[in-house]
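> What follows is work-v5.cif; its format and atoms are mmCIF, C-alpha atoms.
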```cif
data_structure
#
loop_
_atom_site.label_atom_id
_atom_site.label_comp_id
_atom_site.auth_asym_id
_atom_site.auth_seq_id
_atom_site.Cartn_x
_atom_site.Cartn_y
_atom_site.Cartn_z
CA MET A 142 101.47 97.37 99.27
CA LEU A 143 98.32 99.45 99.70
CA SER A 144 98.04 101.83 102.63
CA CYS A 145 95.03 103.31 104.39
CA LEU A 146 95.82 106.80 105.68
CA LYS A 147 93.37 109.53 104.71
CA LYS A 148 95.50 112.63 104.26
CA PRO A 149 97.20 113.09 100.88
CA LEU A 150 100.75 114.31 100.60
CA THR A 151 100.96 117.94 99.58
CA VAL A 152 103.83 120.12 98.45
CA GLY A 153 103.96 121.59 101.93
CA THR A 154 104.40 118.26 103.66
CA LEU A 155 107.28 117.46 101.34
CA LEU A 156 109.30 120.50 102.36
CA VAL A 157 111.18 118.78 105.13
CA ALA A 158 114.10 120.25 107.02
CA ALA A 159 117.68 119.31 106.33
CA ALA A 160 118.54 118.75 109.99
CA VAL A 161 119.21 115.18 111.09
CA GLY A 162 117.42 113.95 114.21
CA LEU A 163 118.29 110.98 116.41
CA PRO A 164 115.56 108.77 117.88
CA GLY A 165 116.80 108.44 121.46
CA VAL A 166 114.36 105.59 122.18
CA ALA A 167 115.50 102.32 123.75
CA ALA A 168 115.19 99.15 121.74
CA ALA A 169 112.37 96.78 122.71
CA ALA A 170 112.77 93.08 123.45
CA THR A 171 113.62 90.59 120.74
CA VAL A 172 110.73 88.70 119.14
CA ALA A 173 110.90 85.47 117.15
CA PRO A 174 110.01 84.81 113.49
CA VAL A 175 107.74 82.02 112.26
CA ASP A 176 109.27 79.63 109.70
CA LEU A 177 107.22 79.54 106.46
CA GLY A 178 109.05 76.45 105.26
CA THR A 179 109.37 75.15 101.69
CA LEU A 180 107.61 72.90 99.23
CA PRO A 181 108.32 69.18 99.72
CA GLY A 182 111.77 68.37 98.36
CA ASP A 183 112.96 71.99 98.39
CA ARG A 184 115.44 73.48 100.81
CA PHE A 185 115.18 77.27 100.51
CA SER A 186 112.36 79.80 100.24
CA SER A 187 111.78 83.54 100.13
CA VAL A 188 108.64 85.66 100.50
CA ALA A 189 108.22 88.70 98.27
CA ALA A 190 104.89 90.31 99.25
CA ILE A 191 101.96 90.23 101.67
CA ASN A 192 98.45 91.67 101.30
CA ALA A 193 96.03 93.10 103.87
CA GLY A 194 94.43 89.69 104.37
CA GLY A 195 97.71 88.01 105.23
CA THR A 196 98.19 86.11 101.96
CA MET A 197 101.91 85.93 101.12
CA VAL A 198 103.66 85.01 97.87
CA GLY A 199 107.19 84.13 96.87
CA GLU A 200 109.23 81.15 95.80
CA SER A 201 110.65 77.84 96.99
CA TYR A 202 113.65 76.09 95.52
CA PRO A 203 115.99 73.13 96.05
CA GLN A 204 119.70 73.16 96.82
CA ASP A 205 120.79 73.36 93.20
CA VAL A 206 123.24 75.60 91.36
CA ARG A 207 120.58 76.17 88.68
CA LEU A 208 118.29 77.98 91.17
CA ARG A 209 115.11 76.19 90.14
CA TYR A 210 112.52 78.64 91.46
CA HIS A 211 109.01 77.33 92.19
CA PRO A 212 106.20 79.89 92.67
CA VAL A 213 104.32 79.57 95.97
CA LYS A 214 101.85 81.28 98.25
CA TRP A 215 101.15 81.06 101.97
CA ASP A 216 97.84 81.68 103.70
CA ARG A 217 97.42 83.80 106.82
CA GLN A 218 98.35 80.82 109.01
CA GLY A 219 101.60 80.33 107.10
CA ARG A 220 100.53 77.20 105.20
CA ILE A 221 102.38 76.84 101.90
CA SER A 222 100.95 75.75 98.54
CA ALA A 223 102.45 75.57 95.06
CA LEU A 224 101.31 77.93 92.32
CA PRO A 225 101.14 76.42 88.81
CA THR A 226 103.43 77.41 85.96
CA LEU A 227 102.52 77.41 82.25
CA GLY A 228 103.83 73.90 81.76
CA GLY A 229 107.48 74.57 82.54
CA GLU A 230 109.30 74.02 85.81
CA LEU A 231 110.22 77.53 86.91
CA GLY A 232 108.35 80.57 88.12
CA SER A 233 108.18 83.21 90.83
CA ALA A 234 105.35 85.19 92.46
CA VAL A 235 106.43 88.73 93.34
CA ALA A 236 103.30 90.75 94.22
CA VAL A 237 99.74 90.22 95.48
CA ASN A 238 96.83 92.63 95.87
CA ASP A 239 94.19 92.66 98.58
CA ALA A 240 91.81 90.61 96.41
CA GLY A 241 94.36 87.78 96.51
CA VAL A 242 95.43 88.09 92.86
CA ALA A 243 99.16 87.42 92.52
CA VAL A 244 101.54 88.22 89.67
CA GLY A 245 105.04 87.27 88.60
CA TRP A 246 106.48 85.06 85.88
CA ALA A 247 106.39 81.42 84.86
CA GLN A 248 107.88 79.22 82.17
CA ASP A 249 105.90 77.43 79.49
CA GLY A 250 106.62 73.93 78.22
CA ASN A 251 109.33 75.28 75.91
CA GLY A 252 111.14 76.99 78.76
CA ASP A 253 110.09 80.49 77.65
CA GLN A 254 109.32 83.02 80.38
CA HIS A 255 105.99 84.87 80.49
CA ALA A 256 104.37 87.40 82.79
CA VAL A 257 101.51 85.67 84.61
CA ARG A 258 98.62 86.33 86.91
CA TRP A 259 97.36 83.83 89.50
CA ALA A 260 93.73 84.06 90.60
CA PRO A 261 92.89 83.60 94.31
CA ASP A 262 92.07 79.93 93.58
CA GLY A 263 95.61 79.48 92.20
CA SER A 264 94.71 79.18 88.52
CA VAL A 265 97.29 80.80 86.23
CA THR A 266 96.89 83.03 83.16
CA ALA A 267 99.66 84.12 80.81
CA LEU A 268 99.68 87.88 80.15
CA PRO A 269 100.16 88.60 76.44
CA TRP A 270 103.45 89.82 75.00
CA ALA A 271 105.43 88.57 72.00
CA GLY A 272 108.78 88.19 73.81
CA SER A 273 109.85 87.08 77.25
CA SER A 274 108.17 89.08 80.01
CA ASP A 275 107.56 89.41 83.72
CA ALA A 276 105.05 91.18 85.95
CA VAL A 277 106.33 93.11 88.96
CA VAL A 278 103.39 95.05 90.49
CA ILE A 279 99.60 94.84 90.70
CA SER A 280 97.14 97.53 91.76
CA ARG A 281 94.13 97.18 94.01
CA THR A 282 91.99 97.29 90.84
CA GLY A 283 93.89 94.48 89.07
CA VAL A 284 96.09 96.54 86.76
CA VAL A 285 99.45 94.80 86.30
CA ALA A 286 102.75 96.34 85.22
CA GLY A 287 106.16 94.93 84.46
CA GLY A 288 108.30 94.52 81.40
CA GLY A 289 109.40 92.41 78.50
CA SER A 290 111.89 92.09 75.67
CA ASP A 291 110.97 93.83 72.41
CA SER A 292 111.90 92.68 68.90
CA GLN A 293 115.40 94.12 69.37
CA GLY A 294 115.98 92.41 72.68
CA THR A 295 115.59 95.61 74.74
CA TYR A 296 113.72 95.41 78.03
CA VAL A 297 110.70 97.76 77.85
CA ALA A 298 107.93 98.67 80.32
CA LEU A 299 104.46 97.13 79.95
CA ARG A 300 100.98 97.57 81.44
CA TRP A 301 98.22 94.97 81.43
CA ALA A 302 94.60 96.02 82.03
CA PRO A 303 92.38 93.81 84.20
CA ASP A 304 91.03 92.20 81.00
CA GLY A 305 94.60 91.21 80.06
CA SER A 306 95.07 93.65 77.19
CA VAL A 307 98.65 94.94 77.03
CA THR A 308 100.02 98.44 76.46
CA ARG A 309 103.68 99.16 75.86
CA LEU A 310 104.60 102.11 78.04
CA ALA A 311 106.35 104.88 76.16
CA SER A 312 110.12 105.24 76.16
CA LEU A 313 112.04 108.52 76.34
CA PRO A 314 112.82 110.16 72.98
CA GLY A 315 115.71 108.31 71.39
CA GLY A 316 115.80 105.77 74.20
CA ARG A 317 114.21 102.35 74.53
CA GLN A 318 114.95 100.65 77.83
CA ALA A 319 112.56 101.23 80.75
CA THR A 320 111.64 99.46 84.00
CA VAL A 321 108.63 99.66 86.32
CA THR A 322 109.09 100.30 90.07
CA GLY A 323 105.57 100.94 91.40
CA ILE A 324 101.87 101.53 90.77
CA THR A 325 99.09 103.49 92.48
CA GLY A 326 96.22 101.61 94.09
CA ASP A 327 93.81 102.58 91.32
CA GLY A 328 96.30 101.64 88.60
CA ALA A 329 96.17 105.11 87.05
CA LEU A 330 99.87 105.95 87.47
CA ILE A 331 103.03 103.86 87.24
CA SER A 332 106.52 104.86 88.39
CA GLY A 333 109.78 103.71 86.88
CA ASP A 334 113.13 104.46 85.33
CA ALA A 335 113.92 104.99 81.65
CA VAL A 336 117.10 105.47 79.64
CA ASP A 337 117.46 108.38 77.19
CA ALA A 338 119.26 108.43 73.84
CA ALA A 339 122.59 109.18 75.56
CA GLY A 340 122.25 106.26 77.95
CA ASN A 341 121.40 108.38 81.00
CA GLN A 342 118.81 107.07 83.45
CA HIS A 343 115.77 109.23 84.27
CA ALA A 344 113.00 108.91 86.83
CA VAL A 345 109.70 108.71 84.97
CA ARG A 346 105.96 108.28 85.42
CA TRP A 347 103.41 106.74 83.07
CA SER A 348 99.69 107.35 82.75
CA ALA A 349 97.08 104.66 82.11
CA THR A 350 97.41 105.30 78.37
CA GLY A 351 101.14 104.66 78.46
CA ALA A 352 102.17 108.32 78.07
CA ILE A 353 105.48 109.10 79.77
CA THR A 354 106.46 112.06 81.95
CA ASP A 355 110.18 112.71 82.42
CA LEU A 356 110.58 113.66 86.08
CA SER A 357 114.27 114.49 85.74
CA PRO A 358 114.63 116.31 82.41
CA GLY A 359 117.90 117.93 81.49
CA ASN A 360 119.97 115.54 83.58
CA GLN A 361 122.36 114.58 80.78
CA GLY A 362 125.21 116.08 82.77
CA ASN A 363 123.84 114.67 86.00
CA PRO A 364 122.68 111.15 85.14
CA GLY A 365 121.25 108.49 87.38
CA ALA A 366 117.84 109.66 88.65
CA THR A 367 115.61 106.91 90.04
CA ALA A 368 111.93 106.63 90.96
CA ALA A 369 112.00 104.11 93.79
CA ALA A 370 108.38 104.07 94.94
CA ILE A 371 104.98 105.70 94.39
CA ASN A 372 102.08 106.18 96.80
CA ASP A 373 98.35 106.16 96.07
CA PHE A 374 98.31 109.91 95.44
CA GLY A 375 100.95 109.67 92.75
CA VAL A 376 103.76 111.12 94.85
CA ILE A 377 107.08 109.46 94.01
CA ALA A 378 110.18 109.08 96.18
CA GLY A 379 113.58 108.54 94.62
CA THR A 380 116.94 110.10 93.94
CA VAL A 381 118.81 112.46 91.66
CA THR A 382 122.57 112.49 91.33
CA GLU A 383 124.43 115.42 92.87
CA ALA A 384 128.22 115.57 92.45
CA GLY A 385 128.23 111.87 91.73
CA TRP A 386 126.13 110.88 94.78
CA PRO A 387 122.41 110.00 95.12
CA ALA A 388 120.41 112.76 96.78
CA PRO A 389 116.91 112.02 98.16
CA VAL A 390 113.99 113.74 96.44
CA ALA A 391 110.25 113.45 95.94
CA TRP A 392 108.09 114.38 92.97
CA THR A 393 104.58 115.68 93.57
CA ARG A 394 101.68 114.47 91.42
CA ASP A 395 102.10 117.49 89.16
CA GLY A 396 105.75 116.56 88.58
CA ARG A 397 107.47 119.13 90.79
CA GLN A 398 110.69 117.94 92.38
CA VAL A 399 111.26 118.60 96.09
CA ARG A 400 114.56 117.94 97.86
CA LEU A 401 114.18 115.76 100.94
CA GLY A 402 116.20 116.78 103.96
CA TRP A 403 119.74 115.45 104.11
CA PRO A 404 123.21 116.99 104.27
CA ALA A 405 124.89 117.77 100.98
CA SER A 406 126.84 115.09 99.12
CA PRO A 407 128.85 113.01 99.76
CA ALA A 408 126.40 112.29 102.61
CA SER A 409 124.21 110.36 100.15
CA ALA A 410 120.80 108.86 100.90
CA THR A 411 118.34 106.64 99.02
CA PRO A 412 114.56 106.48 99.70
CA LEU A 413 113.01 103.05 99.17
CA ALA A 414 109.33 103.32 100.20
CA ILE A 415 106.58 105.92 100.69
CA ASN A 416 103.14 105.58 102.28
CA ARG A 417 99.91 107.50 101.65
CA ALA A 418 100.76 110.08 104.32
CA GLY A 419 103.99 110.90 102.49
CA VAL A 420 106.27 109.32 105.08
CA VAL A 421 109.39 108.02 103.35
CA VAL A 422 111.95 105.48 104.54
CA GLY A 423 115.31 104.49 103.17
CA SER A 424 118.99 104.57 104.07
CA GLY A 425 121.97 106.87 103.82
CA TYR A 426 125.48 107.66 104.93
CA VAL A 427 125.68 109.92 107.97
CA ASP A 428 129.48 109.76 107.68
CA PHE A 429 132.06 107.72 105.82
CA ALA A 430 131.11 103.99 106.03
CA GLU A 431 128.29 104.79 108.50
CA TYR A 432 125.16 103.55 106.71
CA ARG A 433 121.95 104.19 108.64
CA ALA A 434 118.20 103.61 108.40
CA LEU A 435 116.30 106.87 107.79
CA ARG A 436 112.73 108.16 107.93
CA TRP A 437 111.50 111.41 106.37
CA THR A 438 108.35 113.14 107.61
CA ALA A 439 107.00 116.68 107.42
CA GLY A 440 109.13 117.44 110.47
CA GLY A 441 112.42 116.47 108.87
CA VAL A 442 114.62 113.40 108.61
CA THR A 443 115.34 111.02 111.48
CA VAL A 444 118.17 108.53 111.79
CA LEU A 445 116.34 105.45 113.07
CA GLU A 446 119.45 103.62 114.30
CA SER A 447 122.22 105.98 115.27
CA GLU A 448 125.06 103.63 116.21
CA ARG A 449 125.01 100.52 113.98
CA ARG A 450 124.86 99.79 110.25
CA SER A 451 121.20 99.63 109.29
CA GLU A 452 118.65 100.15 106.52
CA ALA A 453 114.89 100.69 106.33
CA VAL A 454 113.17 99.15 103.31
CA ALA A 455 109.39 99.26 103.83
CA LEU A 456 106.63 100.85 105.91
CA ASN A 457 102.87 100.65 106.34
CA ALA A 458 100.09 103.21 106.71
CA SER A 459 100.70 103.73 110.43
CA GLY A 460 104.32 104.65 109.76
CA THR A 461 105.83 101.47 111.18
CA ALA A 462 109.06 100.81 109.28
CA VAL A 463 111.05 97.60 108.83
CA GLY A 464 114.54 96.75 107.68
CA ASN A 465 117.63 95.42 109.38
CA VAL A 466 120.35 96.36 111.84
CA GLU A 467 123.70 94.62 111.42
CA SER A 468 122.03 91.91 109.28
CA VAL A 469 119.24 91.21 111.78
CA ALA A 470 115.65 92.19 111.00
CA ALA A 471 114.31 95.22 112.84
CA ARG A 472 111.09 97.17 113.26
CA TRP A 473 110.75 100.86 114.08
CA ASP A 474 107.41 102.09 115.41
CA ALA A 475 106.17 105.54 114.48
CA ASP A 476 107.57 106.91 117.76
CA GLY A 477 111.03 105.54 116.93
CA THR A 478 110.95 102.50 119.21
CA GLU A 479 113.22 99.82 117.73
CA THR A 480 112.50 96.10 118.01
CA ASN A 481 115.02 93.39 117.22
CA LEU A 482 113.07 90.77 115.25
CA GLY A 483 115.51 87.94 115.78
CA ALA A 484 116.31 84.89 113.65
CA LEU A 485 115.18 81.29 113.37
CA PRO A 486 116.64 78.75 115.81
CA GLY A 487 120.07 77.79 114.55
CA GLY A 488 120.40 80.99 112.54
CA GLU A 489 122.17 84.27 113.22
CA TYR A 490 120.83 86.60 110.55
CA SER A 491 117.46 87.77 109.24
CA TRP A 492 116.09 90.41 106.90
CA ALA A 493 112.69 92.11 107.00
CA THR A 494 111.46 92.98 103.51
CA GLY A 495 107.82 94.03 103.82
CA ILE A 496 105.00 94.89 106.22
CA ALA A 497 101.21 94.54 105.97
CA PRO A 498 98.70 97.19 107.10
CA ASP A 499 98.06 95.26 110.33
CA GLY A 500 101.78 95.13 111.16
CA THR A 501 102.56 91.56 110.04
CA ILE A 502 106.15 91.56 108.76
CA ILE A 503 107.68 89.31 106.11
CA GLY A 504 111.30 88.48 105.40
CA ARG A 505 113.79 85.65 105.59
CA SER A 506 116.16 84.10 108.10
CA ASP A 507 119.27 81.98 107.75
CA LEU A 508 119.53 78.42 109.02
CA ASP A 509 122.58 76.23 109.44
CA TYR A 510 122.24 75.27 105.75
CA GLY A 511 120.67 78.26 103.99
CA TRP A 512 117.56 80.37 104.52
CA HIS A 513 113.79 80.17 104.77
CA ALA A 514 110.98 82.66 104.27
CA VAL A 515 109.61 83.86 107.62
CA TYR A 516 106.98 86.16 109.03
CA TRP A 517 106.50 88.00 112.28
CA PRO A 518 102.82 88.14 113.31
CA ALA A 519 101.24 91.50 114.06
CA GLY A 520 101.45 92.60 117.67
#
```
Represent the supplied structure as structure tokens.

Amino acid sequence: MLSCLKKPLTVGTLLVAAAVGLPGVAAAATVAPVDLGTLPGDRFSSVAAINAGGTMVGESYPQDVRLRYHPVKWDRQGRISALPTLGGELGSAVAVNDAGVAVGWAQDGNGDQHAVRWAPDGSVTALPWAGSSDAVVISRTGVVAGGGSDSQGTYVALRWAPDGSVTRLASLPGGRQATVTGITGDGALISGDAVDAAGNQHAVRWSATGAITDLSPGNQGNPGATAAAINDFGVIAGTVTEAGWPAPVAWTRDGRQVRLGWPASPASATPLAINRAGVVVGSGYVDFAEYRALRWTAGGVTVLESERRSEAVALNASGTAVGNVESVAARWDADGTETNLGALPGGEYSWATGIAPDGTIIGRSDLDYGWHAVYWPAG
């Protein structure tokens, strides 16, 4: 998701305090989600992404043990339409940019899976790669990144330029496997994870040429670093492993690692999203079995929900965060005000998974027979 704040994140704004703050703000009234429904004949749906114009993408599928995913999009009014595959039955749309170009994967007539791009009019184009592939992110400028299987069956990271030409993103020396987790708005930098020759996972960043930067070098004895998300200035939020537990960190554009505020392990924490202002949200353990939604700013780290199990998974440019509290979708405004987002009639649970710049929230809610994609309108 692209954000709109003006101030870039600097090294100084990343040096947050280790103290834990509590919000102390009363929860607002419950609001109700809008059911996005399914394609005719299907029973379940999920929404993966929303752009600034309110276009949403995801999948719809029937009640079937084979999970026959059908790629779909919804307009700003929540009206659903099918997206075409490459001649096969299955597909899924996972990201959409503000121009309305969506990406994901679709099967061809032989049942093979390919990374695809859907134009705003819904027409589909296969993105070139010799093996199976999928696209996971798209930049404002139309650069697509994802992955595919190489000749040895290893999943590797890929980048497609707006003209469709493909570049295999470099692996770590001696390693092969790599996955993409994010992209900057201009498509110049891509975040991800890569495995080294010893099988240890590193947080990495790729340039537009496919060159790789190891953000967690020398972690052979401390494996498991992750790059969870990247903002438009190339600042990455993620984790490194400390004493066997994930510790929250950020990497500046020049590759310097900065520890985000949180008590020492085993009080672990995991960032999941970062906006252009450098505000980070995620979740962590404040005590044994006490998992809480967190927000990091220049002033330190705040526990967004201090009493119940919760997690924060996304935020927009204004700093509004979304996630869930005890398996019910929730929103936290920049001042810490919490709003219970409720569930569909007949359901008990819901999950918020994304938020648009205007505050429209996407997610899903259970029904008496399954779940549907939903959205909560801005305001």
> Find the distance between atom CA of Thr382 of chain A and atom CA of Ala368 of chain A and write it in Å to one decimal.
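Atom-to-atom, atom CA of Thr382 of chain A to atom CA of Ala368 of chain A, that is 12.2 Å.
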> Looking at A:Gly252, A:Gly194, A:Pro404, A:Gly379, which one is nearest to Glu230 of chain A, with distances taken over only C-alpha atoms?
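Once distances to Glu230 of chain A are computed over only C-alpha atoms, the minimum belongs to A:Gly252.
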> Going by the chain IDs and residue numbers used in this file, which residues fall under the PyMOL selection byres ((chain A and resi 411-421) around 10)? Write them as a PyMOL selection string.
chain A and resi 142-151+154-155+323+367-381+386-391+401+409-410+422-426+434-439+442+452-462
> Tell me which protein, DNA and RNA residues are within 8 Å of Trp473 of chain A, counting all atoms listed in the file, leaving out same-chain ones fewer than 4 positions away, and put them as an MDAnalysis selection string.
chainID A and resid 445 461:463 477:480
> Write the residues of the selection above to a file with C-alpha atoms, as a CSV table (one decimal), in the frame of the given file.

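The resulting file, part.csv, is shown below:
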```
chain,number,residue,atom,x,y,z
A,445,LEU,CA,116.3,105.4,113.1
A,461,THR,CA,105.8,101.5,111.2
A,462,ALA,CA,109.1,100.8,109.3
A,463,VAL,CA,111.0,97.6,108.8
A,477,GLY,CA,111.0,105.5,116.9
A,478,THR,CA,111.0,102.5,119.2
A,479,GLU,CA,113.2,99.8,117.7
A,480,THR,CA,112.5,96.1,118.0
```
> Nearest to Ala298 of chain A: which of A:Leu485, A:Leu310, A:Leu231, A:Ala193 is it, counting only C-alpha atoms?
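Ranked by minimum distance to Ala298 of chain A, first place goes to A:Leu310.
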> Report, in Å with one decimal, the straight-line distance from atom CA of Thr350 of chain A to atom CA of Gly232 of chain A.
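Distance reported for this atom pair: 28.7 Å.
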> Which is closer to Val321 of chain A than all the others in A:Pro269, A:Gly287, A:Gly351, A:Pro498, using all atoms listed in the file?
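Checking each candidate against Val321 of chain A, we get A:Gly287 as the closest.
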> Any idea what's packed within 8 Å of Ala286 of chain A, counting all atoms listed in the file, ignoring anything in its chain fewer than 2 positions away? Could you give it as a PyMOL selection string?
chain A and resi 276-279+284+288+298-301+321+324+331
> Please determine the residues with any atom at most 8 Å from (112.7, 109.7, 77.9) (coordinates as given in the file, with only C-alpha atoms counting) and report them as a ChimeraX atom specification.
/A:312-316,335-338,343,345,353-355
> Figure out the distance between atom CA of Ser451 of chain A and atom CA of Gly488 of chain A, please, to one decimal in Å.
18.9 Å
> Name all residues at most 6 Å from Leu177 of chain A (count all atoms listed in the file; drop same-chain ones fewer than 2 positions away) and give them as a PyMOL selection string.
chain A and resi 219+514-515
> If we count only C-alpha atoms and set the cut-off at 8 Å, which residues sit around Gly245 of chain A, ignoring sequence neighbours fewer than 5 positions away in its own chain? Please answer as a VMD selection string.
chain A and resid 232 to 236 256 to 258 275 to 277
> Any idea what's packed within 6 Å of Ala352 of chain A, counting only C-alpha atoms, ignoring anything in its chain fewer than 4 positions away? Could you give it as a ChimeraX atom specification?
/A:311,347-348
> How about saving the chosen residues, C-alpha atoms kept, as a PDB file, keeping the file's coordinate frame?

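Saved as result-v6.pdb:
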```pdb
ATOM      1  CA  ALA A 311     106.350 104.880  76.160  1.00  0.00           C
ATOM      2  CA  TRP A 347     103.410 106.740  83.070  1.00  0.00           C
ATOM      3  CA  SER A 348      99.690 107.350  82.750  1.00  0.00           C
TER       4      SER A 348
END
```
> Can you translate the PyMOL selection byres ((chain A and resi 267) around 10) into the concrete residues it hits in this file, as a count of residues only?
22
